[in-house]
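Asks: Okay, handing you the structure first.
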Amino acid sequence: MSGQRSLPQSREALLKSYHKRLKDDTKAMVDNFTEILKLSKIDDDPQISRTNQIEQDNYEMQVRAANMVRAGESLMKLVSDLKQFLILNDFVSINEAILQNTRLFKHMQNECDSKLMTLRDDIASDLFEMEEEYYSSVYK
């Protein structure tokens with residue numbers, strides 16, 4: 001909880017809205033599913049004709065199923081929003097990744113520099129030997 005206290009006001013409000021969306025959507029799914037289960041009970045109360053009751057129950061089930069689908073899609077959108085929030089606002093891991101890449105590239109640079117220095121020394125040595133051979137053969 002103390003981690004949330006250090007967050008700026010806009011982030012804290014955003015996280016609260018995510019939490020509210022989560023609660024609302026899950027409650028909507030549970031409520032609609034419960035109502036669908038209640039509709040599956042056979043009612044022996046003949047207030048309206050059996051055919052009309054079946055049609056009405058069918059229509060209500062379709063509406064409640066559509067509400068459940070909408071709540072599920074909203075939850076998937078919430079997961080996507082949370083992932084995006086985490087990716088964009090996780091500065092600690094971003095900075096760690098940058099530092100790790102910097103260390104890796106510095107190490108690679110040092111390796112390349114040492115290989116180039118070795119190559120330079122070898123070429124200078126070979127060039128010196130060639131120059132000695134050339135100048136010694138010219139004056140003979």
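Going by the structure tokens order, chains are called A, B, ..., each with residues numbered from 1, while ligands are numbered from 1 in the order shown.
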Skip stretch 81-98 of chain A itself and residues of its chain fewer than 4 positions away, then list as an NGL selection string all residues within 10 Å of it, counting only C-alpha atoms.
Replies: :A and (11 or 14-15 or 18 or 75-77 or 102-104)
Asks: Find the residues of stretch 33-111 of chain A that sit at most 12 Å from stretch 116-133 of chain A; for each, write down the nearest two atoms and how far apart they are in Å, to one decimal. Count only C-alpha atoms. Sort by chain, then by number going up, and give it as a tab-separated table.
Replies:
residue	atom	partner	partner_atom	distance
A:Gln109	CA	A:Leu116	CA	10.4
A:Asn110	CA	A:Leu116	CA	9.8
A:Glu111	CA	A:Leu116	CA	8.6
Asks: Could you give me, as a VMD selection string, the residues within 10 Å of stretch 22-35 of chain A, counting only C-alpha atoms and dropping anything in the same chain fewer than 2 positions from it?
Replies: chain A and resid 16 to 20 37 to 40 60 to 61 63 to 75 78 to 79
Asks: If you measure from atom CA of A:Ile36 to atom CA of A:Asn58, what distance in Å do you get, rounded to one decimal?
Replies: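 Going from atom CA of A:Ile36 over to atom CA of A:Asn58 covers 9.7 Å.
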Asks: What is the atom CA of A:Glu55-atom CA of A:Ile42 distance in Å, reported with one decimal?
Replies: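 That distance, rounded to one decimal, is 13.6 Å.
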